file final-v7.cif (mmCIF, C-alpha atoms)
data_run
loop_
_atom_site.label_atom_id
_atom_site.label_comp_id
_atom_site.auth_asym_id
_atom_site.auth_seq_id
_atom_site.Cartn_x
_atom_site.Cartn_y
_atom_site.Cartn_z
CA MET C 26 -5.12 56.27 -53.77
CA ILE C 27 -4.75 56.91 -50.03
CA PRO C 28 -1.23 57.63 -48.83
CA ALA C 29 0.00 55.55 -45.91
CA ILE C 30 2.58 56.50 -43.33
CA VAL C 31 4.70 53.63 -42.07
CA ILE C 32 6.32 54.32 -38.73
CA PRO C 33 8.62 51.64 -37.36
CA GLU C 34 9.08 53.41 -34.03
CA PRO C 35 6.44 52.33 -31.45
CA GLU C 36 7.14 55.55 -29.51
CA VAL C 37 5.79 57.65 -32.36
CA ALA C 38 3.05 55.21 -33.37
CA PHE C 39 1.52 55.20 -29.86
CA GLN C 40 1.61 58.98 -29.69
CA ILE C 41 -0.13 59.20 -33.05
CA LEU C 42 -2.80 56.81 -31.77
CA ALA C 43 -3.29 59.05 -28.74
CA LEU C 44 -3.69 62.11 -30.99
CA ASN C 45 -6.07 60.38 -33.41
CA THR C 46 -9.20 62.51 -33.51
CA GLU C 47 -10.64 60.88 -36.60
CA LYS C 48 -13.00 58.48 -34.84
CA ALA C 49 -14.35 58.65 -31.32
CA HIS C 50 -13.88 55.21 -29.82
CA ASN C 51 -16.42 53.63 -27.57
CA LEU C 52 -15.23 52.66 -24.10
CA ARG C 53 -14.66 49.01 -24.98
CA ASP C 54 -12.57 49.77 -28.08
CA LYS C 55 -10.56 52.43 -26.29
CA ALA C 56 -9.88 50.20 -23.27
CA LEU C 57 -8.78 47.31 -25.49
CA GLU C 58 -6.51 49.63 -27.49
CA VAL C 59 -4.93 50.94 -24.29
CA ILE C 60 -4.32 47.51 -22.76
CA ARG C 61 -2.62 46.42 -26.00
CA MET C 62 -0.37 49.48 -25.87
CA TYR C 63 0.26 48.79 -22.20
CA ARG C 64 1.39 45.23 -22.92
CA ALA C 65 3.67 46.45 -25.72
CA ARG C 66 5.22 49.04 -23.41
CA LEU C 67 5.56 46.41 -20.67
CA GLU C 68 7.50 44.17 -23.04
CA GLU C 69 9.72 46.96 -24.38
CA GLN C 70 10.25 49.08 -21.28
CA PRO C 71 9.33 47.10 -18.14
CA LYS C 72 11.27 49.45 -15.84
CA SER C 73 9.54 52.62 -17.05
CA ALA C 74 6.90 54.06 -14.74
CA GLU C 75 3.29 53.63 -15.76
CA LYS C 76 2.66 57.35 -15.28
CA ASP C 77 5.27 58.10 -17.96
CA PHE C 78 2.81 56.83 -20.56
CA ALA C 79 -0.19 58.82 -19.31
CA PHE C 80 -0.40 60.79 -22.55
CA GLU C 81 -0.62 57.64 -24.66
CA PHE C 82 -3.00 55.76 -22.35
CA GLU C 83 -5.15 58.89 -21.73
CA ARG C 84 -7.02 57.63 -18.66
CA ALA C 85 -5.80 55.11 -16.09
CA HIS C 86 -9.12 53.32 -15.84
CA PHE C 87 -8.84 52.32 -19.52
CA ILE C 88 -6.03 49.96 -18.45
CA THR C 89 -8.13 48.32 -15.75
CA LEU C 90 -11.21 48.03 -17.96
CA GLY C 91 -9.08 46.77 -20.86
CA ARG C 92 -8.02 43.76 -18.78
CA LEU C 93 -11.68 42.97 -18.13
CA TYR C 94 -12.74 43.39 -21.75
CA GLU C 95 -9.99 40.97 -22.76
CA LYS C 96 -11.37 38.41 -20.36
CA LYS C 97 -15.08 39.14 -20.86
CA PRO C 98 -15.80 40.70 -24.27
CA ARG C 99 -19.42 41.44 -23.29
CA PHE C 100 -18.44 43.10 -20.01
CA SER C 101 -20.43 46.28 -19.38
CA GLY C 102 -17.64 48.59 -18.32
CA GLY C 103 -19.72 51.72 -18.81
CA VAL C 104 -21.46 51.23 -15.46
CA TYR C 105 -18.09 51.16 -13.66
CA ALA C 106 -16.38 53.95 -15.62
CA PRO C 107 -17.79 56.85 -13.54
CA LEU C 108 -16.41 55.33 -10.33
CA LEU C 109 -13.10 54.21 -11.82
CA SER C 110 -12.46 57.48 -13.64
CA ARG C 111 -12.42 59.24 -10.26
CA VAL C 112 -10.23 56.85 -8.26
CA ASP C 113 -8.09 54.89 -10.72
CA GLY C 114 -4.96 56.95 -11.34
CA PHE C 115 -1.69 56.25 -13.08
CA LEU C 116 0.82 54.42 -10.91
CA THR C 117 4.35 55.63 -10.21
CA LYS C 118 5.58 52.03 -10.15
CA PRO C 119 7.49 50.48 -13.06
CA LEU C 120 5.22 48.69 -15.54
CA LYS C 121 6.60 45.29 -14.46
CA ASP C 122 5.29 45.95 -10.93
CA ALA C 123 2.26 48.05 -11.84
CA ILE C 124 0.73 45.23 -13.89
CA ASP C 125 0.16 43.25 -10.68
CA GLU C 126 -1.85 46.11 -9.19
CA ARG C 127 -3.80 46.43 -12.45
CA VAL C 128 -4.67 42.72 -12.24
CA GLU C 129 -5.80 43.21 -8.64
CA ARG C 130 -7.99 46.21 -9.57
CA ALA C 131 -9.53 44.35 -12.49
CA ASP C 132 -10.22 41.37 -10.20
CA GLN C 133 -12.03 43.67 -7.74
CA VAL C 134 -14.18 45.13 -10.52
CA GLU C 135 -14.90 41.62 -11.82
CA ARG C 136 -15.98 40.54 -8.31
CA ALA C 137 -18.30 43.55 -8.13
CA ASP C 138 -19.70 42.72 -11.57
CA ASP C 139 -20.36 39.10 -10.58
CA LEU C 140 -22.33 40.35 -7.56
CA VAL C 141 -24.29 42.82 -9.70
CA VAL C 142 -25.17 40.12 -12.24
CA GLU C 143 -26.48 37.93 -9.38
CA LEU C 144 -28.54 40.85 -8.06
CA VAL C 145 -29.97 41.60 -11.51
CA ILE C 146 -31.02 37.96 -11.91
CA LYS C 147 -32.69 38.01 -8.47
CA GLY C 148 -34.31 41.35 -9.27
CA LYS C 149 -35.76 40.07 -12.52
CA LYS C 150 -37.18 37.05 -10.69
CA ARG C 151 -38.90 39.56 -8.38
CA GLY C 152 -40.35 41.36 -11.39
CA LEU C 153 -37.89 44.25 -11.51
CA MET C 154 -37.67 44.13 -15.30
CA HIS C 155 -35.97 47.32 -16.38
CA PRO C 156 -32.94 47.93 -18.64
CA TYR C 157 -31.53 50.39 -16.07
CA LEU C 158 -31.55 47.85 -13.20
CA LYS C 159 -27.79 47.17 -13.34
CA ASN C 160 -26.96 50.89 -13.42
CA PHE C 161 -29.38 51.49 -10.55
CA ILE C 162 -27.72 48.85 -8.36
CA ILE C 163 -24.25 50.24 -9.09
CA ALA C 164 -25.39 53.81 -8.43
CA ARG C 165 -26.92 52.79 -5.10
CA SER C 166 -23.74 50.94 -4.12
CA ASN C 167 -21.25 53.55 -5.33
CA PRO C 168 -19.08 54.59 -2.35
CA LEU C 169 -18.34 57.93 -4.03
CA SER C 170 -21.94 59.13 -4.30
CA ARG C 171 -21.51 61.34 -1.23
CA THR C 172 -17.74 61.88 -1.45
CA ARG C 173 -16.81 65.33 -2.61
CA LYS C 174 -13.37 66.38 -1.36
CA ASN C 175 -11.21 63.50 -0.20
CA LEU C 176 -11.47 60.54 -2.53
CA PRO C 177 -10.55 57.13 -1.19
CA SER C 178 -7.84 55.07 -2.82
CA CYS C 179 -8.88 52.89 -5.74
CA LYS C 180 -8.48 49.74 -3.64
CA SER C 181 -10.57 51.19 -0.81
CA ALA C 182 -13.31 52.43 -3.17
CA LEU C 183 -13.55 49.07 -4.94
CA SER C 184 -13.56 47.19 -1.63
CA SER C 185 -16.39 49.43 -0.41
CA LEU C 186 -18.29 48.82 -3.63
CA VAL C 187 -17.97 45.04 -3.27
CA LYS C 188 -19.02 45.19 0.41
CA SER C 189 -22.03 47.34 -0.45
CA LEU C 190 -23.06 44.94 -3.21
CA GLU C 191 -22.73 41.97 -0.86
CA GLU C 192 -25.09 43.72 1.56
CA PHE C 193 -27.48 45.09 -1.10
CA ASP C 194 -31.11 44.44 -0.16
CA LEU C 195 -33.32 44.04 -3.23
CA ASP C 196 -36.41 43.81 -1.00
CA LYS C 197 -36.14 47.56 -0.34
CA ILE C 198 -36.25 48.38 -4.06
CA HIS C 199 -39.38 48.84 -6.16
CA PHE C 200 -39.87 49.38 -9.86
CA GLY C 201 -40.82 53.05 -9.49
CA GLN C 202 -37.43 53.87 -7.97
CA ILE C 203 -35.61 52.31 -10.89
CA ARG C 204 -37.83 54.02 -13.47
CA ALA C 205 -37.40 57.42 -11.78
CA ALA C 206 -33.61 57.00 -11.57
CA ALA C 207 -33.50 56.02 -15.26
CA GLN C 208 -35.50 59.13 -16.21
CA ILE C 209 -33.16 61.37 -14.20
CA ALA C 210 -30.11 59.74 -15.79
CA ALA C 211 -31.59 60.18 -19.26
CA ALA C 212 -32.44 63.84 -18.59
CA THR C 213 -28.94 64.46 -17.23
CA SER C 214 -27.23 62.88 -20.25
CA VAL C 215 -29.38 64.95 -22.65
CA ALA C 216 -28.51 68.14 -20.74
CA GLU C 217 -24.79 67.38 -21.01
#

call {"tool": "encode", "arguments": {"input": "final-v7.cif", "output": "structure tokens"}}
result
Amino acid sequence: MIPAIVIPEPEVAFQILALNTEKAHNLRDKALEVIRMYRARLEEQPKSAEKDFAFEFERAHFITLGRLYEKKPRFSGGVYAPLLSRVDGFLTKPLKDAIDERVERADQVERADDLVVELVIKGKKRGLMHPYLKNFIIARSNPLSRTRKNLPSCKSALSSLVKSLEEFDLDKIHFGQIRAAAQIAAATSVAE
């Protein structure tokens, strides 16, 4: 028999979820869990500042990605997480106002993703058949790739990403570049 703890207080339940070290969630599961907690907090405490729940939500970009995963279950948020994790911070606004900005941020990421999907389709038609193609396009369009000290705002970074994707020239890309970038990414992830 496994003992169960029943906790009627959402305050405590959400903190326990945040402390749960039993299973490492993948990005999708974590983002969906956070957006559910966000909606519950929004309903219960709409005037509380988003930043007040930073411990429970862990990372601000989980909220933004959670909105997208709700809308598009097969969304590949992992390619956007490195950018978002650097620029998407917790808002000082009350949840009832912050949700509008979260919707706007998710819409910007969705616009970027739509452009990337179009580019991947065009690239495949050109013979650029590689599983890393989407990551390559995002990496080449990432406005933070050369930014070290002063990060732009989330809105500015996402706007720059969308603009860069709109101007992306697939004709300047060849298969060897994608393969080399994939090998570097794989070597980097193994080293970490």

call {"tool": "closest_residue", "arguments": {"input": "final-v7.cif", "among": "C:Val134, C:Leu144, C:Ala164, C:Ala85", "to": "Thr117 in chain C", "atoms": "only C-alpha atoms"}}
result
C:Ala85

call {"tool": "resolve_selection", "arguments": {"input": "final-v7.cif", "expression": "the PyMOL selection byres ((chain C and resi 59-76) around 12)", "output": "PyMOL selection string"}}
result
chain C and resi 34-36+38-40+42-43+50+52-58+77-96+113-128+131

call {"tool": "write_last_selection", "arguments": {"input": "final-v7.cif", "atoms": "C-alpha atoms", "output": "JSON list (two decimals), in the coordinates of the input"}}
result
[["chain", "number", "residue", "atom", "x", "y", "z"],
["C", 34, "GLU", "CA", 9.08, 53.41, -34.03],
["C", 35, "PRO", "CA", 6.44, 52.33, -31.45],
["C", 36, "GLU", "CA", 7.14, 55.55, -29.51],
["C", 38, "ALA", "CA", 3.05, 55.21, -33.37],
["C", 39, "PHE", "CA", 1.52, 55.20, -29.86],
["C", 40, "GLN", "CA", 1.61, 58.98, -29.69],
["C", 42, "LEU", "CA", -2.80, 56.81, -31.77],
["C", 43, "ALA", "CA", -3.29, 59.05, -28.74],
["C", 50, "HIS", "CA", -13.88, 55.21, -29.82],
["C", 52, "LEU", "CA", -15.23, 52.66, -24.10],
["C", 53, "ARG", "CA", -14.66, 49.01, -24.98],
["C", 54, "ASP", "CA", -12.57, 49.77, -28.08],
["C", 55, "LYS", "CA", -10.56, 52.43, -26.29],
["C", 56, "ALA", "CA", -9.88, 50.20, -23.27],
["C", 57, "LEU", "CA", -8.78, 47.31, -25.49],
["C", 58, "GLU", "CA", -6.51, 49.63, -27.49],
["C", 77, "ASP", "CA", 5.27, 58.10, -17.96],
["C", 78, "PHE", "CA", 2.81, 56.83, -20.56],
["C", 79, "ALA", "CA", -0.19, 58.82, -19.31],
["C", 80, "PHE", "CA", -0.40, 60.79, -22.55],
["C", 81, "GLU", "CA", -0.62, 57.64, -24.66],
["C", 82, "PHE", "CA", -3.00, 55.76, -22.35],
["C", 83, "GLU", "CA", -5.15, 58.89, -21.73],
["C", 84, "ARG", "CA", -7.02, 57.63, -18.66],
["C", 85, "ALA", "CA", -5.80, 55.11, -16.09],
["C", 86, "HIS", "CA", -9.12, 53.32, -15.84],
["C", 87, "PHE", "CA", -8.84, 52.32, -19.52],
["C", 88, "ILE", "CA", -6.03, 49.96, -18.45],
["C", 89, "THR", "CA", -8.13, 48.32, -15.75],
["C", 90, "LEU", "CA", -11.21, 48.03, -17.96],
["C", 91, "GLY", "CA", -9.08, 46.77, -20.86],
["C", 92, "ARG", "CA", -8.02, 43.76, -18.78],
["C", 93, "LEU", "CA", -11.68, 42.97, -18.13],
["C", 94, "TYR", "CA", -12.74, 43.39, -21.75],
["C", 95, "GLU", "CA", -9.99, 40.97, -22.76],
["C", 96, "LYS", "CA", -11.37, 38.41, -20.36],
["C", 113, "ASP", "CA", -8.09, 54.89, -10.72],
["C", 114, "GLY", "CA", -4.96, 56.95, -11.34],
["C", 115, "PHE", "CA", -1.69, 56.25, -13.08],
["C", 116, "LEU", "CA", 0.82, 54.42, -10.91],
["C", 117, "THR", "CA", 4.35, 55.63, -10.21],
["C", 118, "LYS", "CA", 5.58, 52.03, -10.15],
["C", 119, "PRO", "CA", 7.49, 50.48, -13.06],
["C", 120, "LEU", "CA", 5.22, 48.69, -15.54],
["C", 121, "LYS", "CA", 6.60, 45.29, -14.46],
["C", 122, "ASP", "CA", 5.29, 45.95, -10.93],
["C", 123, "ALA", "CA", 2.26, 48.05, -11.84],
["C", 124, "ILE", "CA", 0.73, 45.23, -13.89],
["C", 125, "ASP", "CA", 0.16, 43.25, -10.68],
["C", 126, "GLU", "CA", -1.85, 46.11, -9.19],
["C", 127, "ARG", "CA", -3.80, 46.43, -12.45],
["C", 128, "VAL", "CA", -4.67, 42.72, -12.24],
["C", 131, "ALA", "CA", -9.53, 44.35, -12.49]]

call {"tool": "atom_distance", "arguments": {"input": "final-v7.cif", "atom1": "CA of Ser170 in chain C", "atom2": "CA of Pro156 in chain C"}}
result
21.3 Å

call {"tool": "closest_residue", "arguments": {"input": "final-v7.cif", "among": "C:Asn175, C:Asn160, C:Ser181, C:Ser189", "to": "Ile203 in chain C", "atoms": "all atoms listed in the file"}}
result
C:Asn160

call {"tool": "residues_around", "arguments": {"input": "final-v7.cif", "residues": "Lys188 in chain C", "least_positions_apart": "2", "cutoff": "12 Å", "atoms": "all atoms listed in the file", "output": "list in words"}}
result
Gln133, Val134, Arg136, Ala137, Leu140, Val141, Ile163, Ser166, Asn167, Pro168, Ser181, Ala182, Leu183, Ser184, Ser185, Leu186, Leu190, Glu191, Glu192 and Phe193 of chain C

call {"tool": "residues_around", "arguments": {"input": "final-v7.cif", "residues": "Val104 in chain C", "least_positions_apart": "3", "cutoff": "10 Å", "atoms": "only C-alpha atoms", "output": "list in words"}}
result
Phe100, Ser101, Pro107, Leu108, Leu109, Asp138, Lys159, Asn160, Phe161, Ile162, Ile163 and Ala164 of chain C

call {"tool": "residues_around", "arguments": {"input": "final-v7.cif", "residues": "Phe200 in chain C", "least_positions_apart": "6", "cutoff": "8 Å", "atoms": "all atoms listed in the file", "output": "compact mmCIF listing (two decimals) with C-alpha atoms, in the frame of the given file"}}
result
# COMPACT_ATOMS: atom_id res chain seq x y z
CA LEU C 153 -37.89 44.25 -11.51
CA MET C 154 -37.67 44.13 -15.30
CA HIS C 155 -35.97 47.32 -16.38

call {"tool": "atom_distance", "arguments": {"input": "final-v7.cif", "atom1": "CA of Lys149 in chain C", "atom2": "CA of Arg130 in chain C"}}
result
28.6 Å

call {"tool": "closest_residue", "arguments": {"input": "final-v7.cif", "among": "C:Asp139, C:Leu169, C:Ile146, C:Leu158", "to": "Gly201 in chain C", "atoms": "all atoms listed in the file"}}
result
C:Leu158

call {"tool": "atom_distance", "arguments": {"input": "final-v7.cif", "atom1": "CA of Asp196 in chain C", "atom2": "CA of Gly152 in chain C"}}
result
11.4 Å

call {"tool": "axis_aligned_box", "arguments": {"input": "final-v7.cif", "around": "range 119-134 of chain C", "padding_each_side": "6 Å", "output": "AutoDock Vina command-line options"}}
result
--center_x -3.3 --center_y 45.9 --center_z -11.6 --size_x 33.7 --size_y 21.1 --size_z 19.8
